[in-house]
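Reviewing the structure listed below.
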Amino acid sequence: MLTRILTALIIASVVRAAPVEQMKRATEASVTIQICTGNVGAAGCVTIPVVSDTCINFTGGLTFLNKEVSGAVIPGGFICTFAADFGCDVPQGGGVTLTSGSWSMFSVPGTAGLIDFNDQASSFTCSPV
């Protein structure tokens, strides 16, 4: 009898958890950003999955991007902030915020007009608009 109760509880817990896990995977897998060490669309571009409001440092497998980003493609409906330091900290003049579209880091909007942020990014974060 105890075995049947335990089996029923295990099956019920697995069935209840499955839909939540499927929804989580679907929302995380759909949005990506393209980051390039040269021109957008050329060799040297990588596609990185975006998890909303999560800082991505150019360390580990992304070390080759640290202080080497020259272009980015931001998906529609998102805004991404690139920081000159790790940890996505953006002191005054230490980062740029980009909306959807293709961007050359040689000329991006800063607080006082267009600035050159080429080869300066060490981290980024994106969020829905």
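In the structure tokens, chains take letters A, B, ... by order of appearance, with residues numbered from 1 within each chain and ligands from 1 in the order shown.
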Selection near region 45-60 of chain A, 6 Å with only C-alpha atoms, sequence-local residues under 2 positions removed, as a ChimeraX atom specification: /A:31-36,43,62-63,65-66,86,88,122-127
Have a look at CA of Cys80 (chain A) and CA of Thr99 (chain A) and let me know their distance in Å, one decimal.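 Separation of CA of Cys80 (chain A) and CA of Thr99 (chain A): 6.5 Å.
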For each of A:Val129, A:Val108, A:Val96, A:Ala42, take the minimum atom-to-atom distance to Ile79 (chain A), counting only C-alpha atoms, then give the residue where this is smallest.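 Of all the options, A:Val129 lies closest to Ile79 (chain A).
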I'd like the contact shell of Ala121 (chain A) - 8 Å cut-off, only C-alpha atoms, skipping same-chain residues fewer than 3 positions apart - returned as a PyMOL selection string. chain A and resi 66-69+82-85+95+117-118+124
Given only C-alpha atoms as the counted atoms, nearest of A:Phe64, A:Gln120, A:Pro109, A:Val73 to Gly94 (chain A): A:Gln120
Applying 8 Å and only C-alpha atoms, which residues near region 104-106 of chain A remain after dropping the ones on its own chain fewer than 5 positions away? List them as a ChimeraX atom specification. /A:39-40,69-72,115-119
How far is it from CA of Phe78 (chain A) to CA of Leu98 (chain A), in Å with one decimal? 8.7 Å
Could you tell me how far CA of Gly44 (chain A) sits from CA of Gly110 (chain A), in Å to one decimal place? 25.0 Å
